[in-house]
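Novice: So that you have it, the file is entry01.txt, and it contains compact mmCIF, C-alpha atoms and all ligand atoms:
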# COMPACT_ATOMS: atom_id res chain seq x y z
CA MET A 691 10.68 25.65 -7.05
CA ARG A 692 11.08 22.70 -9.39
CA LEU A 693 13.95 21.68 -11.63
CA THR A 694 13.51 19.54 -14.72
CA CYS A 695 16.26 16.95 -14.59
CA PRO A 696 17.14 15.75 -18.13
CA LEU A 697 16.85 12.16 -16.84
CA CYS A 698 14.16 12.23 -14.15
CA GLY A 699 11.83 14.98 -15.33
CA ALA A 700 10.36 17.76 -13.17
CA ARG A 701 11.31 17.26 -9.54
CA ASP A 702 10.91 19.15 -6.31
CA ARG A 703 13.81 21.38 -5.25
CA ARG A 704 14.38 19.35 -2.08
CA GLU A 705 15.73 16.47 -4.19
CA PHE A 706 18.66 18.68 -5.27
CA THR A 707 21.76 20.11 -3.65
CA TYR A 708 23.15 23.47 -4.77
CA GLN A 709 26.87 23.77 -5.40
CA GLY A 710 27.35 27.26 -6.86
CA GLU A 711 28.52 28.82 -10.08
CA ALA A 712 29.50 26.20 -12.67
CA VAL A 713 33.22 26.98 -12.63
CA ALA A 714 34.34 23.46 -11.70
CA LEU A 715 34.00 22.46 -15.34
CA SER A 716 36.76 24.85 -16.39
CA ARG A 717 39.51 24.00 -13.94
CA PRO A 718 42.85 25.67 -14.75
CA ASP A 719 45.90 23.63 -15.73
CA PRO A 720 48.03 22.60 -12.75
CA ASP A 721 50.76 25.03 -13.89
CA ALA A 722 48.42 27.89 -14.80
CA GLY A 723 49.94 30.03 -12.08
CA PRO A 724 48.68 31.54 -8.81
CA GLU A 725 46.55 34.27 -10.46
CA ALA A 726 44.48 31.77 -12.42
CA TRP A 727 44.13 29.47 -9.43
CA ASN A 728 43.20 32.34 -7.12
CA THR A 729 40.48 33.39 -9.56
CA TYR A 730 39.22 29.82 -9.94
CA LEU A 731 39.08 29.18 -6.23
CA HIS A 732 37.92 32.51 -4.82
CA LEU A 733 36.51 34.96 -7.33
CA ARG A 734 32.91 34.75 -8.50
CA GLU A 735 30.67 36.92 -10.60
CA ASN A 736 27.55 38.01 -8.77
CA PRO A 737 25.20 38.91 -11.61
CA ALA A 738 21.63 40.11 -11.27
CA GLY A 739 20.70 37.96 -14.25
CA TRP A 740 21.50 34.68 -15.94
CA ARG A 741 24.06 32.36 -14.48
CA ASP A 742 25.18 28.75 -15.02
CA GLU A 743 25.12 26.81 -11.76
CA LEU A 744 25.96 23.31 -10.64
CA TRP A 745 23.21 21.37 -8.94
CA TYR A 746 23.41 17.77 -7.76
CA HIS A 747 20.35 15.52 -8.12
CA GLU A 748 21.22 13.85 -4.86
CA GLN A 749 17.87 12.24 -3.97
CA GLY A 750 17.26 11.26 -7.58
CA CYS A 751 19.54 10.01 -10.34
CA ALA A 752 22.77 11.30 -8.70
CA ALA A 753 23.75 13.31 -11.79
CA TRP A 754 25.49 16.68 -11.64
CA LEU A 755 23.54 19.25 -13.62
CA VAL A 756 24.31 22.63 -15.14
CA VAL A 757 21.25 24.79 -14.44
CA THR A 758 20.93 28.14 -16.23
CA ARG A 759 18.99 30.27 -13.74
CA HIS A 760 18.05 33.94 -13.49
CA THR A 761 19.21 35.11 -10.09
CA THR A 762 16.48 37.71 -9.62
CA THR A 763 13.41 35.95 -11.09
CA HIS A 764 14.53 32.35 -10.43
CA GLU A 765 13.43 31.51 -13.97
CA VAL A 766 15.24 28.41 -15.20
CA ARG A 767 16.10 28.51 -18.91
CA LYS A 768 18.06 25.31 -19.34
CA VAL A 769 19.11 22.17 -17.45
CA GLN A 770 21.85 19.95 -18.87
CA LEU A 771 23.87 16.99 -17.66
CA ALA A 772 27.22 18.37 -16.48
CA ARG A 773 28.86 15.44 -18.23
CA ASP A 774 27.40 16.53 -21.57
CA VAL A 775 28.52 20.13 -21.01
CA ALA A 776 32.03 19.03 -20.05
CA LYS A 777 32.24 16.76 -23.09
CA ALA A 778 31.08 19.54 -25.39
CA GLU A 779 33.70 21.85 -23.90
CA GLY A 780 36.37 19.18 -24.16
CA THR A 781 37.04 19.14 -20.42
CA ALA A 782 35.92 15.56 -19.83
CA MET B 692 40.15 -21.13 29.21
CA THR B 693 39.56 -23.25 26.13
CA GLU B 694 40.41 -22.10 22.67
CA PRO B 695 37.32 -21.29 20.59
CA VAL B 696 36.81 -23.75 17.78
CA ILE B 697 36.76 -21.91 14.49
CA LYS B 698 35.40 -24.01 11.69
CA PRO B 699 36.26 -23.06 8.14
CA VAL B 700 33.24 -21.78 6.24
CA THR B 701 32.76 -23.51 2.94
CA GLU B 702 29.87 -23.07 0.60
CA SER B 703 28.51 -26.52 1.30
CA ALA B 704 28.71 -25.88 5.04
CA THR B 705 26.81 -22.58 4.95
CA ASP B 706 23.78 -24.08 6.64
CA GLN B 707 25.85 -25.11 9.63
CA THR B 708 27.49 -21.74 10.30
CA PRO B 709 26.30 -19.88 13.38
CA PHE B 710 25.36 -16.92 11.17
CA LYS B 711 21.81 -16.43 10.02
CA ALA B 712 20.66 -13.87 7.49
CA ILE B 713 18.12 -11.48 9.02
CA PRO B 714 15.91 -9.66 6.48
CA PRO B 715 15.87 -5.84 6.89
CA CYS B 716 12.18 -5.88 7.88
CA ALA B 717 12.29 -8.98 10.11
CA GLY B 718 9.60 -8.74 12.77
CA LEU B 719 7.91 -5.77 11.07
CA LEU B 720 6.29 -7.35 8.01
CA PRO B 721 4.00 -8.59 6.54
CA LEU B 722 1.31 -6.07 7.35
CA SER B 723 -2.29 -5.93 6.09
CA ILE B 724 -4.51 -2.90 6.57
CA GLY B 725 -7.87 -2.82 4.79
CA ALA B 726 -7.33 -3.78 1.15
CA LEU B 727 -3.59 -3.05 1.33
CA ASP B 728 -0.71 -5.42 1.89
CA LEU B 729 2.85 -4.43 2.72
CA THR B 730 5.36 -7.25 2.39
CA GLU B 731 9.10 -7.71 2.19
CA GLN B 732 10.37 -8.97 -1.16
CA PRO B 733 12.22 -12.29 -1.03
CA HIS B 734 15.92 -11.57 -0.60
CA ALA B 735 17.76 -11.44 -3.92
CA GLN B 736 21.34 -10.76 -4.86
CA MET B 737 21.71 -7.11 -5.92
CA THR B 738 24.59 -5.85 -8.02
CA LEU B 739 25.23 -2.28 -9.10
CA LEU B 740 26.66 -1.92 -12.61
CA ILE B 741 28.27 1.32 -13.79
CA PRO B 742 29.39 0.93 -17.41
CA TRP B 743 32.87 2.10 -18.25
CA GLU B 744 33.04 5.02 -20.66
CA GLY B 745 31.52 4.04 -24.01
CA GLN B 746 30.74 0.44 -22.97
CA GLU B 747 26.95 0.74 -22.64
CA THR B 748 26.15 -1.22 -25.81
CA ALA B 749 28.69 -3.93 -25.06
CA LEU B 750 27.39 -4.20 -21.49
CA SER B 751 23.82 -4.51 -22.73
CA LYS B 752 24.82 -7.37 -25.05
CA ALA B 753 26.81 -9.11 -22.30
CA LEU B 754 23.91 -8.75 -19.85
CA GLU B 755 21.51 -10.21 -22.37
CA LYS B 756 23.80 -13.12 -23.11
CA ALA B 757 24.56 -13.95 -19.47
CA HIS B 758 21.29 -13.07 -17.76
CA GLY B 759 18.64 -12.60 -20.47
CA VAL B 760 18.04 -8.90 -19.78
CA ALA B 761 19.15 -5.91 -21.83
CA LEU B 762 20.32 -2.63 -20.28
CA PRO B 763 17.14 -0.70 -19.39
CA GLY B 764 16.47 2.80 -20.69
CA VAL B 765 16.24 5.82 -18.40
CA GLY B 766 13.51 5.25 -15.79
CA GLN B 767 12.81 1.72 -17.05
CA SER B 768 13.52 -1.88 -16.14
CA THR B 769 13.98 -5.13 -18.00
CA GLN B 770 12.99 -8.54 -16.70
CA SER B 771 13.45 -12.20 -17.51
CA HIS B 772 11.88 -14.63 -15.00
CA ALA B 773 13.38 -13.77 -11.58
CA THR B 774 16.14 -11.59 -13.06
CA ARG B 775 15.64 -7.86 -13.29
CA ALA B 776 17.79 -4.96 -14.42
CA LEU B 777 16.59 -1.66 -12.96
CA TRP B 778 17.71 1.75 -14.20
CA PHE B 779 19.14 3.04 -10.96
CA GLY B 780 20.34 6.55 -11.69
CA HIS B 781 22.67 8.39 -14.03
CA ASN B 782 24.77 5.71 -15.73
CA GLN B 783 23.78 3.11 -13.12
CA VAL B 784 21.89 -0.17 -13.35
CA LEU B 785 20.93 -2.54 -10.54
CA LEU B 786 20.92 -6.22 -11.46
CA THR B 787 18.72 -8.23 -9.09
CA GLY B 788 18.43 -11.99 -8.85
CA PRO B 789 21.45 -13.88 -10.14
CA ALA B 790 25.09 -13.74 -9.18
CA PRO B 791 26.65 -11.51 -11.84
CA ASP B 792 28.68 -13.07 -14.63
CA PRO B 793 32.33 -12.25 -13.77
CA ALA B 794 32.86 -11.14 -17.40
CA LEU B 795 30.67 -8.07 -16.71
CA ALA B 796 33.60 -6.60 -14.76
CA ASP B 797 35.41 -6.01 -18.09
CA LEU B 798 32.66 -3.61 -19.14
CA ALA B 799 31.44 -2.05 -15.90
CA ALA B 800 32.25 -1.31 -12.30
CA VAL B 801 30.54 -4.14 -10.42
CA THR B 802 29.52 -3.63 -6.79
CA ASP B 803 27.63 -6.08 -4.58
CA LEU B 804 24.76 -4.23 -2.88
CA SER B 805 22.83 -7.30 -1.71
CA ASP B 806 22.71 -6.12 1.90
CA ALA B 807 22.37 -2.41 1.15
CA TYR B 808 18.64 -2.11 0.52
CA ALA B 809 15.35 -2.98 2.11
CA CYS B 810 12.97 -4.06 -0.68
CA LEU B 811 9.24 -3.80 0.04
CA ARG B 812 6.11 -4.39 -1.97
CA LEU B 813 2.91 -2.42 -1.49
CA GLU B 814 -0.11 -3.95 -3.13
CA GLY B 815 -3.86 -3.46 -3.20
CA ALA B 816 -6.58 -1.01 -4.18
CA GLY B 817 -5.46 2.47 -3.11
CA ALA B 818 -1.71 1.73 -3.22
CA ASP B 819 -1.25 4.85 -5.38
CA ARG B 820 -3.08 6.95 -2.78
CA VAL B 821 -0.78 5.62 -0.07
CA LEU B 822 2.28 6.65 -2.06
CA ALA B 823 0.72 10.05 -2.84
CA ARG B 824 1.13 10.75 0.88
CA LEU B 825 4.83 9.90 0.77
CA THR B 826 6.16 11.24 -2.53
CA PRO B 827 5.27 14.14 -4.86
CA LEU B 828 5.83 12.02 -8.00
CA ASP B 829 3.07 11.56 -10.54
CA LEU B 830 2.32 7.84 -10.21
CA ARG B 831 -0.75 7.66 -12.44
CA ASP B 832 -0.85 4.75 -14.90
CA VAL B 833 -0.19 7.05 -17.85
CA SER B 834 3.00 8.54 -16.47
CA PHE B 835 4.40 5.67 -14.38
CA ARG B 836 3.76 2.51 -16.34
CA GLN B 837 4.43 -1.14 -15.58
CA GLY B 838 8.17 -1.61 -15.15
CA ALA B 839 8.92 2.09 -14.62
CA VAL B 840 11.58 2.98 -12.06
CA ALA B 841 12.10 6.32 -10.30
CA ARG B 842 14.92 7.34 -8.02
CA THR B 843 13.29 9.81 -5.68
CA GLU B 844 12.58 10.51 -2.08
CA ILE B 845 10.07 8.39 -0.21
CA ALA B 846 8.97 10.06 3.03
CA HIS B 847 12.15 12.18 2.83
CA MET B 848 14.40 9.14 2.40
CA ALA B 849 16.45 8.58 -0.73
CA GLY B 850 15.07 5.49 -2.44
CA ALA B 851 13.59 3.91 -5.51
CA LEU B 852 10.03 3.24 -6.65
CA ILE B 853 9.14 0.53 -9.16
CA ARG B 854 5.78 0.00 -10.83
CA GLU B 855 5.17 -3.75 -10.49
CA GLY B 856 1.49 -3.97 -11.36
CA GLU B 857 -1.72 -2.03 -11.72
CA ALA B 858 -1.96 -1.67 -7.96
CA ALA B 859 1.47 -2.89 -6.92
CA PHE B 860 4.67 -0.95 -6.27
CA GLY B 861 8.17 -1.90 -5.20
CA LEU B 862 9.78 0.41 -2.64
CA MET B 863 13.50 0.49 -1.87
CA VAL B 864 15.39 2.47 0.75
CA TYR B 865 18.73 1.90 2.44
CA ARG B 866 18.53 -1.00 4.84
CA SER B 867 19.22 1.25 7.82
CA MET B 868 15.95 3.08 7.03
CA ALA B 869 13.80 -0.08 6.88
CA ALA B 870 11.92 0.44 10.15
CA THR B 871 11.26 4.11 9.33
CA LEU B 872 9.87 3.20 5.93
CA VAL B 873 7.57 0.54 7.39
CA HIS B 874 6.36 3.09 9.95
CA GLU B 875 5.70 5.80 7.35
CA VAL B 876 3.99 3.46 4.86
CA SER B 877 1.82 1.78 7.50
CA ASP B 878 0.70 5.23 8.77
CA ALA B 879 -0.31 6.17 5.22
CA MET B 880 -2.03 2.78 4.72
CA GLN B 881 -4.08 3.42 7.86
CA SER B 882 -4.99 6.90 6.72
CA VAL B 883 -6.09 5.76 3.24
CA THR B 884 -8.10 2.87 4.69
CA ALA B 885 -9.81 5.13 7.24
CA ARG B 886 -10.75 7.69 4.59
CA ALA B 887 -12.12 4.94 2.33
CA ALA B 888 -14.27 3.66 5.23
CA LEU B 889 -15.79 7.14 5.48
CA GLY B 890 -16.54 7.14 1.77
CA GLY B 891 -13.75 9.56 0.82
CA GLU B 892 -10.43 9.28 -0.93
ZN ZN C 901 17.78 13.23 -12.07
Translate the structure of the given file into structure tokens.
Specialist:
Amino acid sequence: MRLTCPLCGARDRREFTYQGEAVALSRPDPDAGPEAWNTYLHLRENPAGWRDELWYHEQGCAAWLVVTRHTTTHEVRKVQLARDVAKAEGTA
Amino acid sequence: MTEPVIKPVTESATDQTPFKAIPPCAGLLPLSIGALDLTEQPHAQMTLLIPWEGQETALSKALEKAHGVALPGVGQSTQSHATRALWFGHNQVLLTGPAPDPALADLAAVTDLSDAYACLRLEGAGADRVLARLTPLDLRDVSFRQGAVARTEIAHMAGALIREGEAAFGLMVYRSMAATLVHEVSDAMQSVTARAALGGE
């Protein structure tokens, strides 16, 4: 499996570390209440399909990436810098 | 028991201090196998620069003014005499050579990494074939040109590769990995040289 880092180009999977579903970019407000925080911390979708995930290009440029990956075919549709995604969403 | 005499260390007295800088590859390099040479680069001051939010253009101008090098693009480097600025990752640049102008700290996080890395140079016909045994990157001339920089793994160690000439590459890994890198590269140099002697690649 290879991922195409927006900075480094196509790189081998072993250069990356997997973090999980890309929920860290939409962190609830500190006073959002226990339900919202419980969901943020513990509840995840488990789709057989497309999902946005956080990957870390640890052995490369050290950027956090949002990888849009199909969980059954492993097809990768999109790779973006997490910073760009967060800026676009107004969370950074 | 006599009190130890502690002499103040001043810049002009550096030569007289009991401390001696030991290069990361001391005792291991230089190494020549066949047409290939593996050497340690002369020690240079290394400074990591991480521009503050939105300060990239200002930092580039300040770098150019103080050190004669602009901020390099992604995967690139800029050079002026013995001063180089290497793209060193997302939003990171490594300045090598001079002591950094203190004014850079207004525009970037400035970290001294002078003792953090072992810096090697692999040179000679077949240098690309040596590296092909250590990294999956495409290092052909067309895709990894003079001055190109890649952060990648070298023999499973996090490091950096720099294209320094047609058959010359700079290799950087953390200083603690210096002996492992020398071992891995010299193994590959031997392998490439042996294959060439048999008429193969
Ligand atoms: Zn990368």
Novice: Quote the spacing between CA of Arg773 in chain A and CA of Gly750 in chain A in Å to one decimal place.
Specialist: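 Computing it gives 16.3 Å between the two atoms.
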Novice: To one decimal place in Å, what is the distance between CA of Pro763 in chain B and CA of Leu750 in chain B?
Specialist: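 Between these atoms lies a distance of 11.0 Å.
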Novice: Give as a PyMOL selection string the residues surrounding ligand ZN 901 (chain C) up to a distance of 10 Å, considering all atoms listed in the file.
Specialist: (chain A and resi 693-701+705-706+746-755+771) or (chain B and resi 765-766+780-781+841-843)
Novice: If we count all atoms listed in the file, which residues of chain B reach to within 12 Å of chain A? Please list them as a PDB file with C-alpha atoms, in the frame of the given file.
Specialist:
ATOM      1  CA  GLU B 744      33.040   5.020 -20.660  1.00  0.00           C
ATOM      2  CA  GLY B 764      16.470   2.800 -20.690  1.00  0.00           C
ATOM      3  CA  VAL B 765      16.240   5.820 -18.400  1.00  0.00           C
ATOM      4  CA  GLY B 766      13.510   5.250 -15.790  1.00  0.00           C
ATOM      5  CA  GLN B 767      12.810   1.720 -17.050  1.00  0.00           C
ATOM      6  CA  TRP B 778      17.710   1.750 -14.200  1.00  0.00           C
ATOM      7  CA  PHE B 779      19.140   3.040 -10.960  1.00  0.00           C
ATOM      8  CA  GLY B 780      20.340   6.550 -11.690  1.00  0.00           C
ATOM      9  CA  HIS B 781      22.670   8.390 -14.030  1.00  0.00           C
ATOM     10  CA  ASN B 782      24.770   5.710 -15.730  1.00  0.00           C
ATOM     11  CA  GLN B 783      23.780   3.110 -13.120  1.00  0.00           C
ATOM     12  CA  VAL B 784      21.890  -0.170 -13.350  1.00  0.00           C
ATOM     13  CA  THR B 826       6.160  11.240  -2.530  1.00  0.00           C
ATOM     14  CA  PRO B 827       5.270  14.140  -4.860  1.00  0.00           C
ATOM     15  CA  LEU B 828       5.830  12.020  -8.000  1.00  0.00           C
ATOM     16  CA  ASP B 829       3.070  11.560 -10.540  1.00  0.00           C
ATOM     17  CA  SER B 834       3.000   8.540 -16.470  1.00  0.00           C
ATOM     18  CA  PHE B 835       4.400   5.670 -14.380  1.00  0.00           C
ATOM     19  CA  ALA B 839       8.920   2.090 -14.620  1.00  0.00           C
ATOM     20  CA  VAL B 840      11.580   2.980 -12.060  1.00  0.00           C
ATOM     21  CA  ALA B 841      12.100   6.320 -10.300  1.00  0.00           C
ATOM     22  CA  ARG B 842      14.920   7.340  -8.020  1.00  0.00           C
ATOM     23  CA  THR B 843      13.290   9.810  -5.680  1.00  0.00           C
ATOM     24  CA  GLU B 844      12.580  10.510  -2.080  1.00  0.00           C
ATOM     25  CA  ILE B 845      10.070   8.390  -0.210  1.00  0.00           C
ATOM     26  CA  ALA B 846       8.970  10.060   3.030  1.00  0.00           C
ATOM     27  CA  HIS B 847      12.150  12.180   2.830  1.00  0.00           C
ATOM     28  CA  MET B 848      14.400   9.140   2.400  1.00  0.00           C
ATOM     29  CA  ALA B 849      16.450   8.580  -0.730  1.00  0.00           C
ATOM     30  CA  GLY B 850      15.070   5.490  -2.440  1.00  0.00           C
ATOM     31  CA  ALA B 851      13.590   3.910  -5.510  1.00  0.00           C
ATOM     32  CA  LEU B 852      10.030   3.240  -6.650  1.00  0.00           C
ATOM     33  CA  VAL B 864      15.390   2.470   0.750  1.00  0.00           C
TER      34      VAL B 864
END
Novice: In Å, rounded to a single decimal, give me how far CA of Ala738 in chain A is from CA of Thr763 in chain A.
Specialist: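 Going from CA of Thr763 in chain A over to CA of Ala738 in chain A, I get 9.2 Å.
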Novice: Within 10 Å of Asp792 in chain B, counting all atoms listed in the file, which residues qualify if same-chain residues fewer than 2 places away don't, as a ChimeraX atom specification?
Specialist: /B:753-754,756-758,789-790,794-796
Novice: Counting all atoms listed in the file, which residue out of B:Leu872, B:Ala761, B:Ala799, B:Leu785 sits closest to Leu719 in chain B?
Specialist: B:Leu872
Novice: Any idea what's packed within 9 Å of Tyr808 in chain B, counting all atoms listed in the file, ignoring anything in its chain fewer than 3 positions away? Could you give it as a list in words?
Specialist: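 Returned residues: Pro715, Met737, Leu804, Ser805, Gly850, Met863, Val864, Tyr865, Arg866, Ser867, Met868 and Ala869 of chain B.
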Novice: Using only C-alpha atoms, can you tell me which of B:Val821, B:Leu786, B:Ser877, B:Ala816 comes closest to Thr802 in chain B?
Specialist: B:Leu786
Novice: So, counting all atoms listed in the file, which residue among B:Thr708, B:Thr884, B:Thr769, B:Gln837 is closest to Phe860 in chain B?
Specialist: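 Of the candidates, the smallest distance to Phe860 in chain B is held by B:Gln837.
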Novice: I'd like the contact shell of Gly759 in chain B - 8 Å cut-off, only C-alpha atoms, skipping same-chain residues fewer than 5 positions apart - returned as a PyMOL selection string.
Specialist: chain B and resi 754+770-771+774
